[in-house]
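Novice: Below is start-v4.txt; it holds compact mmCIF, C-alpha atoms and all ligand atoms.
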```txt
# COMPACT_ATOMS: atom_id res chain seq x y z
CA MET A 23 -75.07 -100.54 100.97
CA ALA A 24 -72.95 -97.63 99.74
CA THR A 25 -74.98 -94.72 98.37
CA GLU A 26 -72.53 -91.83 98.28
CA VAL A 27 -71.55 -90.03 95.05
CA TRP A 28 -68.09 -88.50 95.30
CA ILE A 29 -66.96 -85.65 93.04
CA LEU A 30 -63.17 -85.50 92.67
CA GLY A 31 -62.19 -81.89 91.89
CA GLY A 32 -65.22 -80.71 93.85
CA THR A 33 -64.01 -77.09 93.87
CA GLY A 34 -63.69 -76.83 90.07
CA ARG A 35 -66.05 -75.46 87.42
CA SER A 36 -67.28 -78.92 86.40
CA GLY A 37 -67.28 -80.25 89.97
CA ARG A 38 -69.60 -77.47 91.12
CA ALA A 39 -71.90 -77.85 88.10
CA ILE A 40 -72.19 -81.61 88.75
CA ALA A 41 -72.85 -81.05 92.47
CA ALA A 42 -75.72 -78.65 91.65
CA GLU A 43 -77.24 -81.18 89.22
CA LEU A 44 -76.96 -84.01 91.77
CA LEU A 45 -78.75 -81.85 94.32
CA SER A 46 -81.51 -81.08 91.81
CA ARG A 47 -81.96 -84.88 91.45
CA GLY A 48 -82.34 -85.26 95.23
CA LEU A 49 -78.82 -86.68 95.67
CA SER A 50 -76.34 -85.27 98.12
CA PRO A 51 -72.81 -85.01 96.64
CA VAL A 52 -69.58 -85.49 98.58
CA LEU A 53 -66.98 -82.95 97.43
CA VAL A 54 -63.40 -84.23 97.37
CA GLY A 55 -60.41 -81.90 96.97
CA ARG A 56 -56.96 -81.00 98.17
CA ASP A 57 -57.67 -77.74 100.00
CA ALA A 58 -60.02 -77.71 103.02
CA THR A 59 -60.92 -74.00 102.77
CA ARG A 60 -61.70 -74.06 99.03
CA LEU A 61 -63.75 -77.22 99.57
CA HIS A 62 -65.70 -75.66 102.44
CA ASN A 63 -66.46 -72.57 100.31
CA ALA A 64 -67.62 -74.75 97.42
CA ALA A 65 -69.82 -76.86 99.72
CA THR A 66 -71.49 -73.87 101.40
CA SER A 67 -72.07 -72.08 98.07
CA LEU A 68 -74.17 -75.03 96.91
CA THR A 69 -76.90 -74.84 99.51
CA ALA A 70 -79.00 -72.24 101.31
CA PRO A 71 -77.32 -70.96 104.52
CA ALA A 72 -79.80 -72.75 106.80
CA THR A 73 -79.26 -76.18 105.26
CA ILE A 74 -76.42 -78.60 105.92
CA PRO A 75 -73.59 -78.13 103.36
CA ALA A 76 -72.34 -81.09 101.33
CA ARG A 77 -69.91 -83.45 103.08
CA THR A 78 -66.30 -82.90 102.08
CA VAL A 79 -63.24 -85.17 101.99
CA VAL A 80 -59.77 -83.60 101.95
CA ALA A 81 -57.11 -85.57 100.08
CA ALA A 82 -53.86 -83.84 99.20
CA SER A 83 -52.99 -85.75 96.02
CA ILE A 84 -54.32 -88.28 93.52
CA GLU A 85 -52.65 -91.05 95.54
CA ALA A 86 -54.29 -89.85 98.77
CA THR A 87 -57.64 -89.62 96.94
CA ALA A 88 -57.25 -93.20 95.69
CA ALA A 89 -56.48 -94.39 99.23
CA GLU A 90 -59.65 -92.68 100.58
CA ILE A 91 -61.77 -94.28 97.82
CA GLN A 92 -60.41 -97.72 98.70
CA ARG A 93 -61.05 -97.10 102.39
CA GLN A 94 -64.57 -95.62 102.17
CA GLN A 95 -65.86 -97.31 98.94
CA PRO A 96 -68.46 -94.76 97.78
CA ALA A 97 -71.13 -96.05 95.39
CA VAL A 98 -70.07 -93.78 92.50
CA VAL A 99 -66.91 -91.74 91.93
CA ILE A 100 -67.04 -88.87 89.41
CA ASN A 101 -63.54 -87.82 88.37
CA THR A 102 -63.21 -84.23 87.04
CA ILE A 103 -59.42 -83.99 87.47
CA GLY A 104 -57.66 -83.87 84.13
CA PRO A 105 -55.50 -84.86 82.44
CA PHE A 106 -57.41 -88.13 82.57
CA THR A 107 -54.53 -89.97 80.89
CA THR A 108 -52.78 -89.44 84.25
CA THR A 109 -55.57 -89.56 86.84
CA ALA A 110 -57.96 -92.24 85.53
CA GLY A 111 -55.56 -95.19 86.04
CA PRO A 112 -54.98 -94.85 89.80
CA ILE A 113 -58.57 -93.76 90.48
CA VAL A 114 -60.12 -96.67 88.53
CA ARG A 115 -57.79 -99.13 90.31
CA ALA A 116 -59.02 -97.72 93.63
CA CYS A 117 -62.67 -97.93 92.51
CA LEU A 118 -62.72 -101.58 91.42
CA PRO A 119 -64.41 -103.59 92.81
CA GLY A 120 -66.12 -101.24 95.30
CA SER A 121 -67.31 -98.24 93.24
CA HIS A 122 -68.65 -97.32 89.80
CA TYR A 123 -66.45 -94.75 88.00
CA VAL A 124 -67.45 -91.79 85.78
CA ASP A 125 -65.14 -89.22 84.14
CA LEU A 126 -65.36 -86.19 81.83
CA ALA A 127 -62.54 -87.14 79.47
CA ASN A 128 -62.88 -85.77 75.96
CA ASP A 129 -59.43 -86.44 74.59
CA LEU A 130 -58.85 -89.44 72.41
CA PRO A 131 -56.08 -91.19 74.40
CA ALA A 132 -57.98 -91.00 77.70
CA VAL A 133 -61.27 -92.23 76.23
CA ALA A 134 -59.49 -95.10 74.43
CA ALA A 135 -57.57 -96.12 77.57
CA LEU A 136 -60.70 -96.19 79.74
CA LEU A 137 -62.66 -98.25 77.20
CA ASP A 138 -59.75 -100.72 77.17
CA LEU A 139 -60.60 -101.53 80.81
CA ASP A 140 -63.88 -103.18 79.82
CA GLN A 141 -62.81 -106.69 80.87
CA GLN A 142 -61.50 -105.60 84.28
CA ALA A 143 -64.72 -103.69 84.95
CA THR A 144 -66.85 -106.64 83.83
CA ALA A 145 -64.88 -109.03 86.05
CA ALA A 146 -65.35 -106.65 88.99
CA GLY A 147 -69.08 -106.28 88.27
CA LYS A 148 -68.76 -102.47 88.09
CA THR A 149 -69.41 -99.82 85.42
CA LEU A 150 -66.85 -97.36 84.06
CA VAL A 151 -68.20 -94.41 82.04
CA THR A 152 -65.93 -92.00 80.18
CA GLY A 153 -66.85 -88.86 78.21
CA ALA A 154 -69.70 -87.92 80.59
CA GLY A 155 -69.90 -84.29 79.47
CA PHE A 156 -70.96 -82.16 76.53
CA GLY A 157 -67.83 -83.40 74.77
CA VAL A 158 -68.50 -87.01 73.63
CA THR A 159 -72.13 -87.20 74.82
CA ALA A 160 -73.65 -84.49 72.58
CA THR A 161 -72.45 -85.92 69.27
CA GLU A 162 -72.55 -89.59 70.37
CA SER A 163 -76.21 -89.21 71.30
CA VAL A 164 -77.08 -88.03 67.77
CA VAL A 165 -75.18 -90.94 66.20
CA VAL A 166 -76.95 -93.44 68.48
CA GLN A 167 -80.32 -91.82 67.72
CA LEU A 168 -79.73 -91.88 63.93
CA SER A 169 -78.27 -95.40 63.94
CA GLN A 170 -81.39 -96.96 65.41
CA PRO A 171 -83.21 -98.88 62.67
CA PRO A 172 -86.59 -97.25 61.98
CA SER A 173 -89.52 -99.20 63.44
CA GLN A 174 -91.46 -100.94 60.68
CA PRO A 175 -95.20 -101.59 60.58
CA PRO A 176 -95.93 -105.26 61.51
CA GLY A 177 -95.51 -107.59 58.53
CA GLN A 178 -93.30 -105.15 56.58
CA PRO A 179 -89.67 -106.09 55.82
CA SER A 180 -87.16 -103.86 57.60
CA GLY A 181 -85.69 -100.94 55.60
CA PRO A 182 -82.72 -101.82 53.37
CA ALA A 183 -80.04 -99.26 54.21
CA LEU A 184 -80.38 -98.33 57.86
CA THR A 185 -80.15 -101.87 59.21
CA LYS A 186 -76.52 -101.92 57.99
CA ALA A 187 -73.67 -99.74 59.27
CA PRO A 188 -73.20 -96.41 57.50
CA ALA A 189 -70.10 -96.11 55.32
CA ARG A 190 -69.16 -92.63 56.47
CA VAL A 191 -69.85 -90.51 59.54
CA ARG A 192 -68.91 -86.95 60.46
CA VAL A 193 -69.68 -85.48 63.88
CA ASP A 194 -69.36 -81.80 64.83
CA MET A 195 -69.50 -80.32 68.31
CA VAL A 196 -70.53 -76.66 68.61
CA PRO A 197 -70.38 -75.67 72.28
CA SER A 198 -71.64 -72.38 73.69
CA LEU A 199 -70.91 -71.61 77.32
CA ALA A 200 -70.73 -68.70 79.70
CA MET A 201 -67.37 -68.33 81.44
CA GLU A 202 -66.69 -67.00 84.92
CA ALA A 203 -63.46 -65.01 85.29
CA GLY A 204 -60.56 -67.23 86.26
CA VAL A 205 -57.49 -69.05 85.06
CA PHE A 206 -57.28 -72.04 82.76
CA GLY A 207 -56.03 -74.17 85.68
CA GLU A 208 -53.87 -77.30 85.71
CA ALA A 209 -56.65 -79.77 84.92
CA LEU A 210 -57.77 -78.06 81.71
CA ALA A 211 -54.27 -77.08 80.54
CA GLY A 212 -53.03 -80.63 81.12
CA THR A 213 -55.98 -82.11 79.25
CA ILE A 214 -55.53 -79.79 76.27
CA LEU A 215 -51.79 -80.36 75.97
CA ASP A 216 -51.21 -83.88 77.32
CA GLY A 217 -54.47 -85.08 75.87
CA PHE A 218 -53.38 -84.21 72.36
CA PRO A 219 -53.12 -87.53 70.77
CA ASP A 220 -49.94 -89.33 71.18
CA ALA A 221 -52.57 -92.05 70.85
CA ARG A 222 -52.59 -95.43 69.20
CA GLY A 223 -49.68 -96.06 66.93
CA ARG A 224 -47.73 -92.82 66.67
CA GLY A 225 -45.81 -90.74 69.16
CA ARG A 226 -46.02 -87.48 67.24
CA TYR A 227 -48.66 -84.92 68.09
CA GLU A 228 -51.17 -85.00 65.28
CA GLY A 229 -54.81 -85.66 64.50
CA ARG A 230 -56.66 -88.89 63.86
CA ARG A 231 -59.63 -90.15 61.90
CA TYR A 232 -60.96 -93.60 61.04
CA GLU A 233 -60.31 -95.01 57.57
CA ASN A 234 -61.26 -98.60 56.68
CA GLY A 235 -62.12 -99.14 60.34
CA HIS A 236 -58.64 -98.14 61.59
CA LEU A 237 -57.42 -95.03 63.36
CA VAL A 238 -55.08 -93.24 60.96
CA ARG A 239 -53.11 -89.99 61.04
CA ALA A 240 -54.90 -86.84 59.93
CA PRO A 241 -54.07 -83.14 60.16
CA ILE A 242 -55.26 -81.28 63.26
CA ALA A 243 -57.86 -78.71 62.16
CA GLY A 244 -58.22 -80.45 58.79
CA SER A 245 -61.45 -81.17 56.85
CA PRO A 246 -62.98 -77.71 57.52
CA ALA A 247 -66.73 -77.48 56.88
CA SER A 248 -69.20 -74.62 57.01
CA LEU A 249 -72.34 -75.67 58.90
CA THR A 250 -75.65 -73.86 58.94
CA LEU A 251 -77.01 -74.31 62.45
CA PRO A 252 -80.73 -74.98 62.98
CA ASP A 253 -81.12 -71.30 64.02
CA GLY A 254 -79.80 -70.22 60.60
CA SER A 255 -76.40 -68.96 61.78
CA LYS A 256 -73.16 -70.35 60.36
CA VAL A 257 -70.08 -71.86 62.02
CA THR A 258 -66.95 -73.46 60.66
CA THR A 259 -65.83 -76.71 62.22
CA ALA A 260 -62.56 -78.54 61.64
CA SER A 261 -61.27 -81.93 62.68
CA MET A 262 -59.91 -82.48 66.17
CA PRO A 263 -58.73 -85.78 67.65
CA LEU A 264 -61.48 -85.97 70.26
CA GLY A 265 -63.08 -88.76 72.26
CA GLU A 266 -66.08 -88.18 69.96
CA LEU A 267 -64.18 -89.95 67.21
CA ILE A 268 -64.09 -93.28 69.06
CA ALA A 269 -67.63 -92.92 70.41
CA ALA A 270 -69.05 -92.16 66.93
CA GLN A 271 -67.20 -95.11 65.37
CA ARG A 272 -68.36 -97.55 68.04
CA ALA A 273 -71.95 -96.28 67.94
CA SER A 274 -72.24 -96.39 64.13
CA GLY A 275 -69.84 -99.18 63.13
CA ALA A 276 -68.84 -96.93 60.18
CA PRO A 277 -65.39 -97.63 58.70
CA SER A 278 -64.80 -93.94 57.89
CA VAL A 279 -65.29 -91.34 60.66
CA VAL A 280 -64.23 -87.71 61.22
CA SER A 281 -64.82 -85.73 64.43
CA ALA A 282 -64.76 -81.94 64.24
CA SER A 283 -65.26 -78.98 66.54
CA SER A 284 -66.17 -75.32 66.16
CA GLU A 285 -63.38 -74.69 68.72
CA ALA A 286 -60.71 -75.95 66.30
CA PRO A 287 -58.64 -73.20 64.71
CA SER A 288 -59.98 -73.15 61.17
CA SER A 289 -58.29 -70.04 59.76
CA PRO A 290 -55.85 -70.90 56.93
CA VAL A 291 -52.98 -69.06 58.69
CA VAL A 292 -53.32 -70.99 61.95
CA ARG A 293 -53.74 -74.24 60.05
CA ALA A 294 -50.50 -73.50 58.19
CA VAL A 295 -48.44 -73.09 61.40
CA LEU A 296 -50.13 -75.90 63.38
CA PRO A 297 -47.84 -78.68 62.12
CA LEU A 298 -44.82 -76.78 63.49
CA VAL A 299 -46.51 -76.07 66.83
CA THR A 300 -47.63 -79.66 67.27
CA THR A 301 -44.16 -80.96 66.35
CA LEU A 302 -42.68 -78.73 69.07
CA LEU A 303 -45.28 -79.93 71.56
CA ALA A 304 -44.04 -83.49 71.08
CA ILE A 305 -40.90 -82.44 72.95
CA GLY A 306 -41.60 -83.15 76.64
CA PRO A 307 -39.94 -80.08 78.23
CA VAL A 308 -41.59 -77.75 75.66
CA ARG A 309 -44.97 -79.30 76.51
CA ALA A 310 -44.35 -78.97 80.26
CA PHE A 311 -43.45 -75.29 79.78
CA ALA A 312 -46.54 -74.69 77.60
CA ARG A 313 -48.76 -76.50 80.14
CA LYS A 314 -47.51 -74.30 82.99
CA ARG A 315 -48.01 -71.11 80.96
CA LEU A 316 -51.46 -72.14 79.78
CA ALA A 317 -52.59 -73.13 83.30
CA GLY A 318 -51.85 -69.56 84.46
CA VAL A 319 -53.59 -67.79 81.57
CA LYS A 320 -56.41 -65.60 82.90
CA PHE A 321 -59.72 -65.11 81.15
CA LYS A 322 -62.47 -62.58 81.74
CA ALA A 323 -66.08 -63.43 82.51
CA ARG A 324 -67.99 -63.86 79.27
CA GLU A 325 -71.63 -64.30 78.33
CA ARG A 326 -72.68 -67.36 76.36
CA PRO A 327 -71.81 -66.43 72.73
CA ARG A 328 -74.97 -67.99 71.25
CA GLU A 329 -78.25 -69.20 72.72
CA TYR A 330 -77.73 -72.89 72.01
CA SER A 331 -74.96 -75.46 71.93
CA TYR A 332 -75.21 -78.26 69.38
CA GLY A 333 -74.03 -81.75 68.65
CA HIS A 334 -74.32 -82.65 64.97
CA ALA A 335 -73.92 -85.90 63.03
CA ARG A 336 -74.15 -86.82 59.36
CA LEU A 337 -74.33 -90.51 58.49
CA GLU A 338 -74.01 -91.72 54.90
CA TRP A 339 -74.84 -95.27 53.82
CA PRO A 340 -73.22 -97.11 50.88
CA ASP A 341 -76.36 -96.66 48.72
CA GLY A 342 -76.19 -92.87 49.16
CA THR A 343 -78.85 -92.61 51.87
CA VAL A 344 -77.99 -89.75 54.23
CA GLN A 345 -79.27 -89.09 57.74
CA GLU A 346 -78.40 -85.85 59.48
CA GLY A 347 -79.38 -84.71 62.93
CA TRP A 348 -78.74 -82.24 65.70
CA LEU A 349 -78.88 -82.26 69.46
CA ARG A 350 -79.82 -78.80 70.73
CA LEU A 351 -79.16 -77.70 74.29
CA GLY A 352 -78.35 -74.55 76.27
CA ASP A 353 -75.08 -73.94 78.10
CA ALA A 354 -72.52 -76.66 77.37
CA GLN A 355 -71.04 -76.52 80.89
CA THR A 356 -74.47 -76.91 82.50
CA PHE A 357 -75.11 -79.88 80.20
CA THR A 358 -71.77 -81.40 81.29
CA GLY A 359 -72.89 -81.16 84.92
CA ALA A 360 -76.24 -82.73 84.07
CA VAL A 361 -74.76 -85.63 82.07
CA ALA A 362 -72.32 -86.66 84.81
CA ALA A 363 -75.04 -86.32 87.49
CA GLU A 364 -77.64 -88.24 85.46
CA VAL A 365 -75.15 -91.04 84.71
CA ALA A 366 -74.36 -91.26 88.44
CA ARG A 367 -78.08 -91.30 89.30
CA ARG A 368 -78.79 -94.13 86.85
CA LEU A 369 -75.80 -96.12 88.15
CA LEU A 370 -77.03 -95.65 91.73
CA ASP A 371 -80.45 -96.89 90.59
CA GLY A 372 -78.86 -100.08 89.25
CA GLN A 373 -79.59 -99.19 85.61
CA GLY A 374 -75.95 -99.70 84.49
CA ARG A 375 -74.21 -102.83 83.21
CA PRO A 376 -70.73 -104.06 84.15
CA GLY A 377 -68.08 -102.93 81.65
CA ALA A 378 -66.58 -99.73 80.21
CA TYR A 379 -68.75 -97.41 78.12
CA THR A 380 -69.34 -93.95 76.75
CA PRO A 381 -72.61 -92.42 78.06
CA ALA A 382 -75.05 -92.84 75.16
CA ALA A 383 -73.67 -96.32 74.37
CA LEU A 384 -74.72 -97.31 77.90
CA PHE A 385 -77.95 -95.38 78.38
CA GLY A 386 -79.12 -94.64 74.83
CA PRO A 387 -80.39 -91.39 73.30
CA SER A 388 -82.77 -90.74 76.21
CA LEU A 389 -79.84 -89.76 78.44
CA ALA A 390 -79.34 -86.42 76.65
CA GLU A 391 -83.08 -85.71 76.79
CA ALA A 392 -83.03 -86.35 80.55
CA CYS A 393 -80.32 -83.65 80.68
CA GLY A 394 -82.53 -81.04 78.99
CA ALA A 395 -81.46 -81.54 75.35
CA GLU A 396 -83.69 -81.96 72.31
CA TYR A 397 -83.13 -83.87 69.05
CA LEU A 398 -83.73 -82.13 65.73
CA THR A 399 -83.47 -84.87 63.14
CA GLY A 400 -84.23 -84.37 59.47
CA GLU A 401 -85.88 -86.65 56.95
CA THR A 402 -83.81 -89.41 55.40
CA ALA A 403 -82.44 -88.02 52.15
CA ALA A 404 -83.28 -90.14 49.11
CA ALA A 405 -80.45 -92.11 47.60
CA PRO A 406 -79.17 -90.52 44.37
CA ALA A 407 -80.24 -92.34 41.20
N1 LIG B 1 -66.23 -83.81 78.36
C1 LIG B 1 -66.55 -82.53 78.51
O1 LIG B 1 -67.43 -82.01 77.84
C2 LIG B 1 -65.87 -81.69 79.55
C3 LIG B 1 -66.51 -80.52 79.97
C4 LIG B 1 -65.88 -79.73 80.94
C5 LIG B 1 -64.63 -80.12 81.44
N2 LIG B 1 -64.04 -81.26 80.99
C6 LIG B 1 -62.75 -81.68 81.52
O2 LIG B 1 -62.87 -81.76 82.93
C7 LIG B 1 -61.66 -81.36 83.55
C8 LIG B 1 -61.95 -80.28 84.58
O3 LIG B 1 -62.33 -79.09 83.95
P1 LIG B 1 -62.77 -77.83 84.80
O4 LIG B 1 -63.08 -76.76 83.83
O5 LIG B 1 -63.78 -78.24 85.80
O6 LIG B 1 -61.37 -77.50 85.56
P2 LIG B 1 -61.16 -76.65 86.89
O7 LIG B 1 -62.24 -75.66 87.10
O8 LIG B 1 -59.74 -76.17 86.79
O9 LIG B 1 -61.27 -77.74 88.06
C9 LIG B 1 -60.31 -78.74 88.22
C10 LIG B 1 -60.45 -79.37 89.61
O10 LIG B 1 -59.42 -80.38 89.71
C11 LIG B 1 -58.66 -80.16 90.89
N3 LIG B 1 -57.29 -80.56 90.62
C12 LIG B 1 -56.49 -80.12 89.60
N4 LIG B 1 -55.30 -80.77 89.64
C13 LIG B 1 -55.36 -81.61 90.72
C14 LIG B 1 -54.45 -82.55 91.29
N5 LIG B 1 -53.23 -82.76 90.77
N6 LIG B 1 -54.84 -83.23 92.38
C15 LIG B 1 -56.07 -83.05 92.94
N7 LIG B 1 -56.98 -82.17 92.44
C16 LIG B 1 -56.61 -81.46 91.35
C17 LIG B 1 -58.81 -78.68 91.20
O11 LIG B 1 -58.64 -78.55 92.61
P3 LIG B 1 -58.01 -77.27 93.36
O12 LIG B 1 -59.18 -76.43 93.81
O13 LIG B 1 -57.30 -77.86 94.52
O14 LIG B 1 -57.11 -76.57 92.37
C18 LIG B 1 -60.24 -78.40 90.76
O15 LIG B 1 -61.14 -78.76 91.77
C19 LIG B 1 -60.72 -80.90 82.42
O16 LIG B 1 -59.85 -81.97 82.14
C20 LIG B 1 -61.65 -80.65 81.26
O17 LIG B 1 -61.02 -80.88 80.02
C21 LIG B 1 -64.63 -82.05 80.06
```
In structure tokens, what does this structure look like?

Specialist:
Amino acid sequence: MATEVWILGGTGRSGRAIAAELLSRGLSPVLVGRDATRLHNAATSLTAPATIPARTVVAASIEATAAEIQRQQPAVVINTIGPFTTTAGPIVRACLPGSHYVDLANDLPAVAALLDLDQQATAAGKTLVTGAGFGVTATESVVVQLSQPPSQPPGQPSGPALTKAPARVRVDMVPSLAMEAGVFGEALAGTILDGFPDARGRGRYEGRRYENGHLVRAPIAGSPASLTLPDGSKVTTASMPLGELIAAQRASGAPSVVSASSEAPSSPVVRAVLPLVTTLLAIGPVRAFARKRLAGVKFKARERPREYSYGHARLEWPDGTVQEGWLRLGDAQTFTGAVAAEVARRLLDGQGRPGAYTPAALFGPSLAEACGAEYLTGETAAAPA
């Protein structure tokens, strides 16, 4: 029986974080990448000099990687190579029916496309998990936690509001992560630019939200809100068309959903020029040029800007009942490594189900806790008179 967990993009920031988390769970990762020397360095940096470094597989392209997956049929494949709108298709085709598939997608088109493969995955008897990182999992976990009907004492009727879907949901992601010096890289630049939502319905680059249960156009960096974090500090979040949007809608069943991020540009000046920038980005050659420039942008090493990262959700029911909660965790990149590794561990253990899922939809709110996070959920606010 296959037991190997492969990490595609094993030399990258996320690949190395996932490998470390797999090792801490007693699992030995296989690092897959296109350059033998970089792979060897990544594998040896993971373990003490006296121990055997992780196995590596060299594959020069996505196509070559897919061919190796088909040939060797590992138990679980974790894909960290963005943009996932490009890489997920060939890798998933290579995985089914031999391997479970996990990716880190956080852009709306990639998450939607992967979830659309539910029937193929079910027919193949395998599990596909998208959004297995801080992005998607942090906010989705809070929505799943808050959407669970409260347990009633025996003999009592169940509570009126919370057994129904909320009318309105807003989720906010507030990541905090240390950065090592480096360049943006192709995977991240491609995800940021190609992952911007030419999703569902419209070709133009713009935002999305749910209204009446349907994805509709919305401004990027719209709906700004000032949040007071549980530690008392303040951040501004604004809407971004993220995978969180789909995950929060599916988890809550709410007809009206907004997803927002503290990483969205929320200054009035930037918001004023964004429509022009996003219109230009809809032009293929402009986007290709921007992607190349962004991939080469260097950044300096940086400490984590605040102690904690947060996922936040606010659910409002038709009778005015409000539930609000937070997921608190440390470094967002470390959490990303832990989520992907924990999902892979549970799939290896046979805890998954055939089909296509986001992480907390498959494994519930306990997944985030198993990755070191903690829920801070408030009291249910009373409905206004
Ligand atoms: N959901 C979340 O919360 C979350 C969190 C973190 C990251 N992400 C996403 O995960 C992806 C990776 O991020 P990262 O920061 O880890 O990026 P990174 O450090 O640049 O690593 C990317 C990896 O992909 C490989 N790669 C890039 N293009 C490739 C190609 N065409 N063929 C084969 N391998 C290729 C690179 O290999 P080489 O060494 O050969 O260049 C590298 O190993 C991004 O799309 C990012 O948006 C999501």

Novice: How would you report the residues lying within 6 Å of ligand LIG 1 (chain B), as a compact mmCIF listing (two decimals) with C-alpha atoms, keeping the file's coordinate frame, if you count only C-alpha atoms and all ligand atoms?

Specialist:
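The result, stored in part12.txt:
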```txt
# COMPACT_ATOMS: atom_id res chain seq x y z
CA GLY A 31 -62.19 -81.89 91.89
CA GLY A 32 -65.22 -80.71 93.85
CA THR A 33 -64.01 -77.09 93.87
CA GLY A 34 -63.69 -76.83 90.07
CA ARG A 35 -66.05 -75.46 87.42
CA SER A 36 -67.28 -78.92 86.40
CA GLY A 37 -67.28 -80.25 89.97
CA GLY A 55 -60.41 -81.90 96.97
CA ARG A 56 -56.96 -81.00 98.17
CA ASP A 57 -57.67 -77.74 100.00
CA SER A 83 -52.99 -85.75 96.02
CA ILE A 84 -54.32 -88.28 93.52
CA THR A 102 -63.21 -84.23 87.04
CA ILE A 103 -59.42 -83.99 87.47
CA GLY A 104 -57.66 -83.87 84.13
CA PRO A 105 -55.50 -84.86 82.44
CA LEU A 126 -65.36 -86.19 81.83
CA ALA A 127 -62.54 -87.14 79.47
CA ASN A 128 -62.88 -85.77 75.96
CA GLY A 153 -66.85 -88.86 78.21
CA ALA A 154 -69.70 -87.92 80.59
CA GLY A 155 -69.90 -84.29 79.47
CA PHE A 156 -70.96 -82.16 76.53
CA GLY A 157 -67.83 -83.40 74.77
CA GLY A 207 -56.03 -74.17 85.68
CA GLU A 208 -53.87 -77.30 85.71
CA ALA A 209 -56.65 -79.77 84.92
CA LEU A 210 -57.77 -78.06 81.71
CA THR A 213 -55.98 -82.11 79.25
CA THR A 358 -71.77 -81.40 81.29
```

Novice: Which residues are near region 137-149 of chain A? Cut-off 12 Å, only C-alpha atoms, ignore same chain within fewer than 2 positions. Put them as a VMD selection string.

Specialist: chain A and resid 97 to 100 110 to 111 114 to 125 127 130 to 135 151 to 153 222 265 268 to 269 272 365 to 366 368 to 370 372 to 381 383 to 385

Novice: As an exercise, work out the distance from CA of Pro75 (chain A) to CA of His62 (chain A) in Å and give it to one decimal place.

Specialist: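 Value for the CA of Pro75 (chain A)-CA of His62 (chain A) distance: 8.3 Å.
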
Novice: Applying 12 Å and all atoms listed in the file, which residues near Ala42 (chain A) remain after dropping the ones on its own chain fewer than 4 positions away? List them as a ChimeraX atom specification.

Specialist: /A:29,32,35-38,46-53,64-69,75-76,355-364

Novice: Could the residues in this selection be written to a file with C-alpha atoms, as a compact mmCIF listing (two decimals), keeping the file's coordinate frame?

Specialist:
```
# COMPACT_ATOMS: atom_id res chain seq x y z
CA ILE A 29 -66.96 -85.65 93.04
CA GLY A 32 -65.22 -80.71 93.85
CA ARG A 35 -66.05 -75.46 87.42
CA SER A 36 -67.28 -78.92 86.40
CA GLY A 37 -67.28 -80.25 89.97
CA ARG A 38 -69.60 -77.47 91.12
CA SER A 46 -81.51 -81.08 91.81
CA ARG A 47 -81.96 -84.88 91.45
CA GLY A 48 -82.34 -85.26 95.23
CA LEU A 49 -78.82 -86.68 95.67
CA SER A 50 -76.34 -85.27 98.12
CA PRO A 51 -72.81 -85.01 96.64
CA VAL A 52 -69.58 -85.49 98.58
CA LEU A 53 -66.98 -82.95 97.43
CA ALA A 64 -67.62 -74.75 97.42
CA ALA A 65 -69.82 -76.86 99.72
CA THR A 66 -71.49 -73.87 101.40
CA SER A 67 -72.07 -72.08 98.07
CA LEU A 68 -74.17 -75.03 96.91
CA THR A 69 -76.90 -74.84 99.51
CA PRO A 75 -73.59 -78.13 103.36
CA ALA A 76 -72.34 -81.09 101.33
CA GLN A 355 -71.04 -76.52 80.89
CA THR A 356 -74.47 -76.91 82.50
CA PHE A 357 -75.11 -79.88 80.20
CA THR A 358 -71.77 -81.40 81.29
CA GLY A 359 -72.89 -81.16 84.92
CA ALA A 360 -76.24 -82.73 84.07
CA VAL A 361 -74.76 -85.63 82.07
CA ALA A 362 -72.32 -86.66 84.81
CA ALA A 363 -75.04 -86.32 87.49
CA GLU A 364 -77.64 -88.24 85.46
```

Novice: Would you write out, as a Markdown table, a table of all residues in region 368-404 of chain A that have an atom no more than 10 Å from an atom of region 331-336 of chain A, listing for each the closest atom pair and the distance in Å to one decimal, considering only C-alpha atoms and ordering rows by chain and rising residue number?

Specialist:
```
| residue | atom | partner | partner_atom | distance |
| --- | --- | --- | --- | --- |
| A:Ala395 | CA | A:Tyr332 | CA | 9.2 |
| A:Glu396 | CA | A:Tyr332 | CA | 9.7 |
| A:Tyr397 | CA | A:Gly333 | CA | 9.4 |
| A:Leu398 | CA | A:His334 | CA | 9.5 |
| A:Thr399 | CA | A:His334 | CA | 9.6 |
```

Novice: Near Val166 (chain A), within 9 Å and counting all atoms listed in the file, which residues show up once chain neighbours fewer than 6 positions away are dropped, as a list of chain:residue names?

Specialist: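 Answer for this query is A:Ala270, A:Ala273, A:Ser274, A:Ala382, A:Ala383, A:Gly386, A:Pro387.
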
Novice: Give me, please, the distance in Å between CA of Gly275 (chain A) and CA of Ser245 (chain A), quoted to one decimal.

Specialist: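 Rounded to one decimal, the two atoms are 20.8 Å apart.
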
Novice: For Ala240 (chain A), which residue out of A:Glu202, A:Lys322, A:Thr159, A:Ser261 is the nearest one, using only C-alpha atoms?

Specialist: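 Among the listed residues, the smallest separation from Ala240 (chain A) belongs to A:Ser261.
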
Novice: State, in Å with one decimal place, the distance from CA of Ala392 (chain A) to CA of Asp194 (chain A).

Specialist: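 Computing it gives 21.3 Å between the two atoms.
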
Novice: Please determine, counting only C-alpha atoms, which residue among A:Ala187, A:Val79, A:Leu44, A:Leu251 has the shortest atom-to-atom distance to Pro340 (chain A).

Specialist: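 The shortest atom-to-atom distance to Pro340 (chain A) comes from A:Ala187.
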